[in-house]
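Undergrad: Here's a structure for you.
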2 protein chains.
Amino acid sequence: MNRLRHPALGLLAAALFAAGVPAAATAASPGNDPAALAKIRDTALKSDYAWERMADMTDLIGPRLSGSPGAAAAVNQVAEAMRKLGAKVTLQPVKVPHWVRGQETGELVEYRGRPAGISQRVVLTALGGSGATPAAGLTAQVVIVSSFDELKARAAEVKGRIVLFDVPFDQGMADRGLAGQAYGQGSNYRSNGPRMAAELGAAAALVRSVGGATYRLPHTGNTGLQDGARIPAAAVTSEDAMLMGRLAKRGPLSMRLVLTPQILPDADSFNVIADLPGTDKPDEIVIVSGHLDSWDLATGAHDDASGVASAMAVFDTLKKLDYRPRRTIRMIAWMNEENGTRGARTYLEANTANAASHIGAIESDNGAGRPFGLRASVPANASRLFAPLQAALQPIGAGVFQRQDALSTGDLSGLERAGVPSFAPLLDTSSYFDYHHTAADTLDKVDPENLRRHVALMSATAWFLANVEEPIGRAVVPAR
Amino acid sequence: MNRLRHPALGLLAAALFAAGVPAAATAASPGNDPAALAKIRDTALKSDYAWERMADMTDLIGPRLSGSPGAAAAVNQVAEAMRKLGAKVTLQPVKVPHWVRGQETGELVEYRGRPAGISQRVVLTALGGSGATPAAGLTAQVVIVSSFDELKARAAEVKGRIVLFDVPFDQGMADRGLAGQAYGQGSNYRSNGPRMAAELGAAAALVRSVGGATYRLPHTGNTGLQDGARIPAAAVTSEDAMLMGRLAKRGPLSMRLVLTPQILPDADSFNVIADLPGTDKPDEIVIVSGHLDSWDLATGAHDDASGVASAMAVFDTLKKLDYRPRRTIRMIAWMNEENGTRGARTYLEANTANAASHIGAIESDNGAGRPFGLRASVPANASRLFAPLQAALQPIGAGVFQRQDALSTGDLSGLERAGVPSFAPLLDTSSYFDYHHTAADTLDKVDPENLRRHVALMSATAWFLANVEEPIGRAVVPAR
């Protein structure tokens with residue numbers, strides 16, 4: 001009967017089995033009718049609960065990179081808050097990478113036209129997983145390429161040099177509602193460029209910061225370097241990439257780079273799992289989630305305190321109404337989305353046999369811009385079932401239902417491949433990548449009213465999935 | 001005869017006296033008629049000269065704070081470029097303050113709700129003239145005030161503490177075309193707050209960054225601290241000021257502050273003065289200018305490489321047309337506008353007796369936003385004289401003529417009080433304070449077409465003043 005394979009999940013299993021004895025549905029729990037969805041929406045819109053949780057996470061703790069004291073504090077804070085809401089809380093152990101930023105400076109030390117005694121500072125930040133230079137730095141000539149093709153064409157020039165992938169973020173694409181695609185184009189170079197440069201013998205790799213900000217703001221994120229070829233890798237600001245491009249046009253350009261991050265042994269951490277047991281079908285599970293870890297440059301307000309706080313607030317919304325779902329609603333604050341998705345992998349491993357019990361899983365991980373609706377990897381013939389949910393969300397402008405074969409989001413993609421339909425808010429992300437992964441991702445960037453709308457969307461969707469009568473079916477991810 | 005009192009100005013005097021032998025006006029110099037002004041405008045609009053000079057200054061040199069190697073290199077670079085244009089170049093010695101930025105970190109180490117092992121980073125930057133903390137930093141409780149009145153009311157709380165002046169920049173005012181006034185409101189706290197806090201025994205003073213940027217970007221600038229009460233003083237970003245405000249609402253807030261700037265002995269530097277001698281009245285002078293020094297966080301593109309480059313380009317414009325002015329046009333790249341205006345003071349001291357020979361003085365020091373016209377401290381009855389200049393600038397949308405009793409700009413205010421009419425581009429500054437005095441004031445922020453418009457405006461104005469027949473009269477600055 002125990003579908004949880006991981007031995008450390010005993011507590012969780014106990015919680016599920018306790019829930020297996022159905023609590024009597026309270027008089028106030030009206031099933032999945034339009035009036036209940038409307039009440040959930042309106043209760044969420046009046047609440048500051050998510051804002052308060054997000055403020056606690058960002059103001060009291062701040063950055064929460066995997067393995068850091070901040071990540072550990074966030075685990076405790078979220079677990080404590082969920083216990084206060086009466087949820088059954090389990091900490092699922094996760095071994096996480098432990099990368100720690102060090103010193104980071106860049107200086108252009110040789111270029112044509114340089115007056116004696118002058119060097120130009122380059123604003124940069126190490127990428128997650130970057131290797132280190134010697135403490136005194138390394139100095140090498142810079143090779144600037146604008147594509148992987150150009151890297152290949154100029155492979156002979158790369159050895160011993162610093163390669164800069166100078167690919168501008170396509171803000172025009174972001175403004176046309178395709179911010180995710182624009183981000184994908186740019187982050188492709190961040191994810192793969194340093195590894196490819198390392199394979200060609202580069203001394204270090206730089207990428208132009210991904211994102212639309214024009215305030216000399218470096219944008220970090222993970223890079224796919226492996227032990228044995230772990231060269232120093234950093235993101236330079238768009239301004240500094242342009243400067244380097246202009247100087248390189250004048251003649252040979254050399255740079256001194258200091259990056260001293262460390263890779264420590266994998267650290268002990270946790271997914272925070274909190275259950276609101278279902279009344280009728282407690283062993284059927286609907287996940288609401290965000291990820292608890294965040295990059296170290298900022299307090300991770302949009303990415304992803306807003307997602308975790310919105311997921312937590314689902315429980316608060318239902319508690320305020322004294323509504324109990326038929327199926328179990330499970331809040332998960334995932335650990336390590338940013339540089340390993342170890343939390344999601346651990347959960348998946350423990351729940352592979354149990355995947356069929358997962359009715360659906362929501363994650364909010366695209367910031368707290370204004371939501372327009374819902375994205376969902378449900379089967380095509382299930383879309384019509386969501387009409388009542390759409391009707392409930394239409395009054396806040398969030399009635400769009402966008403079906404896709406697969407969402408392929410960070411934490412849910414494994415479950416999705418195991419057949420669990422994924423859900424995510426469909427939202428305005430046009431300015432998200434101005435702040436995401438930079439020092440500027442701070443609480444003040446989140447609009448409290450949009451956050452309330454997110455909670456309304458998450459709460460109503462969770463309630464809908466936890467109570468829907470007709471099966472919505474399984475996700476069928478196309479083969480890649 | 002020698003009107004230059006400063007003995008070091010021998011070279012300049014020689015240049016003026018050489019110019020005192022009128023060169024024959026070339027056939028191409030048509031006086032001050034509309035066709036000449038139109039040709040000047042159109043020549044400027046086709047030229048990249050100013051852009052190239054600005055690129056040389058910002059890309060090859062970068063920051064140019066008084067006393068720095070960058071400032072020295074800029075003196076040489078501008079002098080050399082003006083010599084190439086055939087101008088008579090003088091370096092006027094100026095003793096400048098020499099303040100050097102050190103380490104700067106801030107950390108919130110105690111606050112209510114702080115988990116064990118957690119502290120919050122504060123992004124900040126030392127203000128020019130700031131004193132230093134011990135190398136290991138100082139830790140003190142933070143007192144946050146939102147006005148000078150509140151500081152006075154809470155004077156008893158200040159001793160030994162860190163005072164934060166938390167006054168938001170009024171971006172709404174900037175958007176209504178009053179950016180200068182909004183900046184004045186904010187910079188008043190930067191200029192005077194630390195001194196007032198020091199008088200009350202504060203251990204250090206912080207101000208909220210002035211400017212409209214919301215990208216965790218600290219905004220430096222000078223503060224009016226004096227020896228003997230030179231406490232550490234820094235600007236925190238708007239985000240961090242808000243964070244500190246929220247944490248202070250929860251309970252007592254303590255901060256560790258490390259600021260290690262140094263004040264070195266005054267350094268030797270120069271105003272760069274370049275003359276295009278007048279044909280008829282060589283001893284009558286029209287100044288075109290910008291300031292050569294810049295803050296150390298960025299390359300000072302808007303503030304004020306754009307102004308210096310526009311002033312330099314006046315000579316290029318006239319050279320391309322082979323136009324020689326009746327009066328002498330003098331390009332001045334002022335040194336030390338940012339933290340002392342020693343360059344302007346030195347020039348004024350050397351030219352007090354000669355003030356009446358200065359017909360007018362233009363400085364561009366509000367960035368290179370789109371120009372709409374000209375501000376001028378000419379007598380009220382002189383405005384009508386500028387109609388031909390307005391007509392020439394109207395086709396580029398820069399035909400507005402805004403007379404004021406006094407412009408009171410940094411470098412020209414002394415000359416203005418001595419009766420010299422001041423001129424400045426009237427321009428769009430709505431986004432200027434997003435970048436000004438921050439790391440983001442870089443070349444890419446300047447629109448080349450707007451820079452050409454500035455050159456057109458500066459060139460036509462200089463030509464107009466250098467050739468106008470009827471006297472435009474003297475500035476009469478109202479008593480303060």
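In the structure tokens, chains take letters A, B, ... by order of appearance, with residues numbered from 1 within each chain and ligands from 1 in the order shown.
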For chain B, list the residues within 6 Å of chain A, counting only C-alpha atoms, and write the list as a ChimeraX atom specification.

TA: /B:60,114,215-216,440

Undergrad: The selected residues should be written to file as a JSON list (two decimals), in the first residue's frame (atoms: N, CA and C atoms).

TA:
```json
[["chain", "number", "residue", "atom", "x", "y", "z"],
["B", 60, "LEU", "N", 38.03, 54.29, -24.27],
["B", 60, "LEU", "CA", 39.48, 54.15, -24.10],
["B", 60, "LEU", "C", 39.92, 54.53, -22.69],
["B", 114, "ARG", "N", 15.08, 37.67, 12.58],
["B", 114, "ARG", "CA", 16.26, 37.19, 11.83],
["B", 114, "ARG", "C", 16.58, 35.75, 12.26],
["B", 215, "TYR", "N", 16.76, 49.20, -10.34],
["B", 215, "TYR", "CA", 17.55, 48.01, -10.64],
["B", 215, "TYR", "C", 18.68, 47.83, -9.63],
["B", 216, "ARG", "N", 18.37, 48.18, -8.40],
["B", 216, "ARG", "CA", 19.33, 48.03, -7.28],
["B", 216, "ARG", "C", 20.67, 48.69, -7.61],
["B", 440, "ALA", "N", 25.64, 52.76, -14.57],
["B", 440, "ALA", "CA", 24.97, 52.55, -15.86],
["B", 440, "ALA", "C", 25.09, 53.74, -16.81]]
```

Undergrad: Any idea what's packed within 6 Å of stretch 29-40 of chain B, counting only C-alpha atoms, ignoring anything in its chain fewer than 3 positions away? Could you give it as a PyMOL selection string?

TA: chain B and resi 26+43+323-324+392+460+467

Undergrad: From stretch 163-294 of chain A, collect each residue whose DSSP state is strand (DSSP E or B) and return the set as a VMD selection string.

TA: chain A and resid 163 to 165 204 to 208 222 232 to 236 254 to 259 262 to 276 281 to 291

Undergrad: Using only C-alpha atoms, tabulate the residues of stretch 312-392 of chain A lying at most 8 Å from any atom of stretch 257-275 of chain A, each with its closest atom pair and that distance in Å to one decimal, by chain and increasing residue number, as CSV.

TA:
```
residue,atom,partner,partner_atom,distance
A:Thr328,CA,A:Asp275,CA,6.7
A:Ile329,CA,A:Asp275,CA,5.9
A:Arg330,CA,A:Asp275,CA,4.5
A:Met331,CA,A:Ala274,CA,5.1
A:Ile332,CA,A:Ile273,CA,4.6
A:Ala333,CA,A:Val272,CA,5.1
A:Trp334,CA,A:Asn271,CA,5.0
A:Met335,CA,A:Asn271,CA,5.2
A:Gly343,CA,A:Asn271,CA,5.9
```

Undergrad: Where does DSSP see alpha helix (DSSP H) in stretch 72-211 of chain A, if you list the residues as a ChimeraX atom specification?

TA: /A:72-84,148-153,171-173,179-199

Undergrad: Store the residues of this selection in a file with C-alpha atoms, as a CSV table (one decimal), in the first residue's frame.

TA:
```
chain,number,residue,atom,x,y,z
A,72,ALA,CA,18.1,26.1,5.4
A,73,ALA,CA,16.3,28.9,7.1
A,74,ALA,CA,13.7,29.0,4.4
A,75,VAL,CA,13.0,25.3,4.8
A,76,ASN,CA,12.3,25.9,8.5
A,77,GLN,CA,10.3,29.1,7.9
A,78,VAL,CA,8.0,27.5,5.3
A,79,ALA,CA,7.5,24.3,7.4
A,80,GLU,CA,6.6,26.3,10.4
A,81,ALA,CA,4.1,28.5,8.5
A,82,MET,CA,2.4,25.4,7.0
A,83,ARG,CA,2.2,23.8,10.4
A,84,LYS,CA,0.5,26.9,11.7
A,148,PHE,CA,27.8,28.7,-31.7
A,149,ASP,CA,28.5,28.5,-35.5
A,150,GLU,CA,31.0,31.3,-35.1
A,151,LEU,CA,32.6,29.5,-32.2
A,152,LYS,CA,33.0,26.4,-34.4
A,153,ALA,CA,34.3,28.5,-37.3
A,171,GLN,CA,13.6,42.4,-25.8
A,172,GLY,CA,11.4,43.0,-28.8
A,173,MET,CA,10.4,39.3,-28.7
A,179,ALA,CA,9.7,36.5,-23.1
A,180,GLY,CA,10.1,32.8,-22.4
A,181,GLN,CA,11.4,32.1,-25.9
A,182,ALA,CA,13.6,35.1,-25.8
A,183,TYR,CA,15.0,33.9,-22.5
A,184,GLY,CA,15.5,30.4,-23.9
A,185,GLN,CA,17.5,31.7,-26.8
A,186,GLY,CA,19.8,33.7,-24.5
A,187,SER,CA,20.1,31.1,-21.7
A,188,ASN,CA,21.1,28.5,-24.3
A,189,TYR,CA,24.4,30.3,-24.5
A,190,ARG,CA,24.7,30.5,-20.8
A,191,SER,CA,23.9,26.8,-20.3
A,192,ASN,CA,26.0,25.4,-23.1
A,193,GLY,CA,28.5,28.0,-24.2
A,194,PRO,CA,31.0,27.6,-21.4
A,195,ARG,CA,31.1,23.8,-21.8
A,196,MET,CA,31.7,24.2,-25.6
A,197,ALA,CA,34.4,26.7,-25.0
A,198,ALA,CA,36.0,24.4,-22.4
A,199,GLU,CA,36.0,21.6,-25.0
```

Undergrad: Set the distance at 6 Å and use only C-alpha atoms: which residues neighbour B:Ser146 once local chain neighbours fewer than 6 positions away are removed? I'd like the list as a PDB file with N, CA and C atoms, in the first residue's frame.

TA:
```pdb
ATOM      1  N   PHE B 165      18.665  58.671   5.566  1.00  0.00           N
ATOM      2  CA  PHE B 165      17.687  59.614   5.031  1.00  0.00           C
ATOM      3  C   PHE B 165      16.931  58.888   3.917  1.00  0.00           C
ATOM      4  N   ASP B 166      15.718  58.516   4.205  1.00  0.00           N
ATOM      5  CA  ASP B 166      14.958  57.675   3.269  1.00  0.00           C
ATOM      6  C   ASP B 166      13.923  58.531   2.542  1.00  0.00           C
ATOM      7  N   VAL B 167      14.395  59.234   1.526  1.00  0.00           N
ATOM      8  CA  VAL B 167      13.529  60.146   0.774  1.00  0.00           C
ATOM      9  C   VAL B 167      13.479  59.678  -0.676  1.00  0.00           C
TER      10      VAL B 167
END
```

Undergrad: Which of these residues is nearest to A:Phe315, using only C-alpha atoms: A:Ala301, A:Leu45, A:Val288, A:Val210?

TA: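 Closest candidate: A:Val288.
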
Undergrad: What is the atom CA of A:Phe433 to atom CA of A:Leu124 distance in Å?

TA: 17.1 Å

Undergrad: Between atom CA of B:Val236 and atom CA of B:Gly106, what is the distance in Å, rounded to a tenth?

TA: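 Between atom CA of B:Val236 and atom CA of B:Gly106 the gap is 8.9 Å.
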
Undergrad: What's around B:Trp99 at 12 Å? Count only C-alpha atoms, leave out sequence neighbours fewer than 2 positions away in its own chain, and write the answer as JSON, numbers by chain.

TA: {"B": [64, 65, 66, 67, 68, 96, 97, 101, 102, 126, 127, 128, 129, 130, 131, 132, 221, 222, 223, 260, 261, 262, 263, 264, 265, 266, 267, 295, 296, 336, 338, 339, 340]}

Undergrad: Can I get the selection written as a tab-separated table (two decimals), in the first residue's frame, with C-alpha atoms?

TA:
```
chain	number	residue	atom	x	y	z
B	64	ARG	CA	37.51	60.39	-14.91
B	65	LEU	CA	37.15	61.43	-11.29
B	66	SER	CA	39.34	64.41	-10.34
B	67	GLY	CA	42.85	63.32	-9.47
B	68	SER	CA	42.50	59.92	-11.11
B	96	VAL	CA	41.70	69.36	-7.39
B	97	PRO	CA	40.42	67.28	-4.46
B	101	ARG	CA	36.81	54.98	-3.34
B	102	GLY	CA	37.71	51.94	-1.22
B	126	ALA	CA	30.29	55.70	-0.78
B	127	LEU	CA	29.50	59.34	-1.45
B	128	GLY	CA	32.29	61.59	-2.66
B	129	GLY	CA	34.02	63.10	0.35
B	130	SER	CA	32.87	60.32	2.65
B	131	GLY	CA	35.03	59.46	5.62
B	132	ALA	CA	36.08	55.89	6.35
B	221	GLY	CA	27.64	62.12	-5.85
B	222	ASN	CA	29.37	64.56	-3.58
B	223	THR	CA	28.41	65.22	0.00
B	260	THR	CA	37.28	52.67	3.26
B	261	PRO	CA	37.65	55.63	0.93
B	262	GLN	CA	40.73	57.82	1.22
B	263	ILE	CA	41.25	61.53	0.93
B	264	LEU	CA	44.66	62.09	-0.65
B	265	PRO	CA	46.44	65.42	-0.97
B	266	ASP	CA	45.03	67.76	-3.61
B	267	ALA	CA	46.20	66.75	-7.08
B	295	TRP	CA	32.13	59.94	-11.27
B	296	ASP	CA	34.11	56.77	-10.83
B	336	ASN	CA	36.28	68.97	-11.20
B	338	GLU	CA	31.57	66.92	-9.71
B	339	ASN	CA	33.30	67.42	-6.41
B	340	GLY	CA	34.54	70.96	-6.03
```

Undergrad: Compare A:Ala305, A:Gly369, A:Ser413, A:Glu469 by their minimum atom-to-atom distance to A:Asp447, counting only C-alpha atoms, and give me the closest one.

TA: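 Nearest to A:Asp447: A:Gly369.
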
Undergrad: Identify which of the residues A:Ala204, A:Leu427, A:Met57, A:Val477 lies closest to A:Val308, counting only C-alpha atoms when measuring atom-to-atom distances.

TA: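 Between A:Ala204, A:Leu427, A:Met57, A:Val477, the residue approaching A:Val308 most closely is A:Met57.
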
Undergrad: Can you measure atom CA of A:Arg345 to atom CA of A:His291 for me? One decimal in Å is fine.

TA: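 Between atom CA of A:Arg345 and atom CA of A:His291 the gap is 13.1 Å.
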
Undergrad: Show me, as a list of chain:residue names, the residues that have an atom within 9 Å of A:Thr429 when counting only C-alpha atoms, minus same-chain residues fewer than 3 positions from it.

TA: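 In the requested format, the answer is A:Ala174, A:Asp175, A:Gly177, A:Leu178, A:Ala179, A:Gly180, A:Asn366, A:Gly367, A:Ala368, A:Gly369, A:Arg370, A:Leu426, A:Tyr432, A:Phe433.
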
Undergrad: Export, as a PDB file, in the first residue's frame, the selected residues with C-alpha atoms.

TA:
```pdb
ATOM      1  CA  ALA A 174       9.722  39.663 -24.947  1.00  0.00           C
ATOM      2  CA  ASP A 175       7.528  42.684 -25.641  1.00  0.00           C
ATOM      3  CA  GLY A 177       4.618  38.166 -25.380  1.00  0.00           C
ATOM      4  CA  LEU A 178       7.424  35.717 -26.094  1.00  0.00           C
ATOM      5  CA  ALA A 179       9.655  36.452 -23.116  1.00  0.00           C
ATOM      6  CA  GLY A 180      10.143  32.784 -22.358  1.00  0.00           C
ATOM      7  CA  ASN A 366       7.567  32.644 -13.935  1.00  0.00           C
ATOM      8  CA  GLY A 367       7.293  35.502 -11.512  1.00  0.00           C
ATOM      9  CA  ALA A 368       4.273  37.329 -10.226  1.00  0.00           C
ATOM     10  CA  GLY A 369       3.307  39.323 -13.278  1.00  0.00           C
ATOM     11  CA  ARG A 370      -0.386  39.710 -13.978  1.00  0.00           C
ATOM     12  CA  LEU A 426      -0.258  32.048 -17.952  1.00  0.00           C
ATOM     13  CA  TYR A 432      10.210  39.408 -15.643  1.00  0.00           C
ATOM     14  CA  PHE A 433      13.599  38.967 -17.279  1.00  0.00           C
TER      15      PHE A 433
END
```

Undergrad: Compile the contact shell of stretch 394-407 of chain B as an NGL selection string: residues with an atom at most 8 Å away, counting only C-alpha atoms, same-chain residues fewer than 3 positions apart removed.

TA: :B and (371-380 or 383 or 386 or 389-391 or 413 or 416 or 422-423 or 426 or 453 or 457 or 475-478)
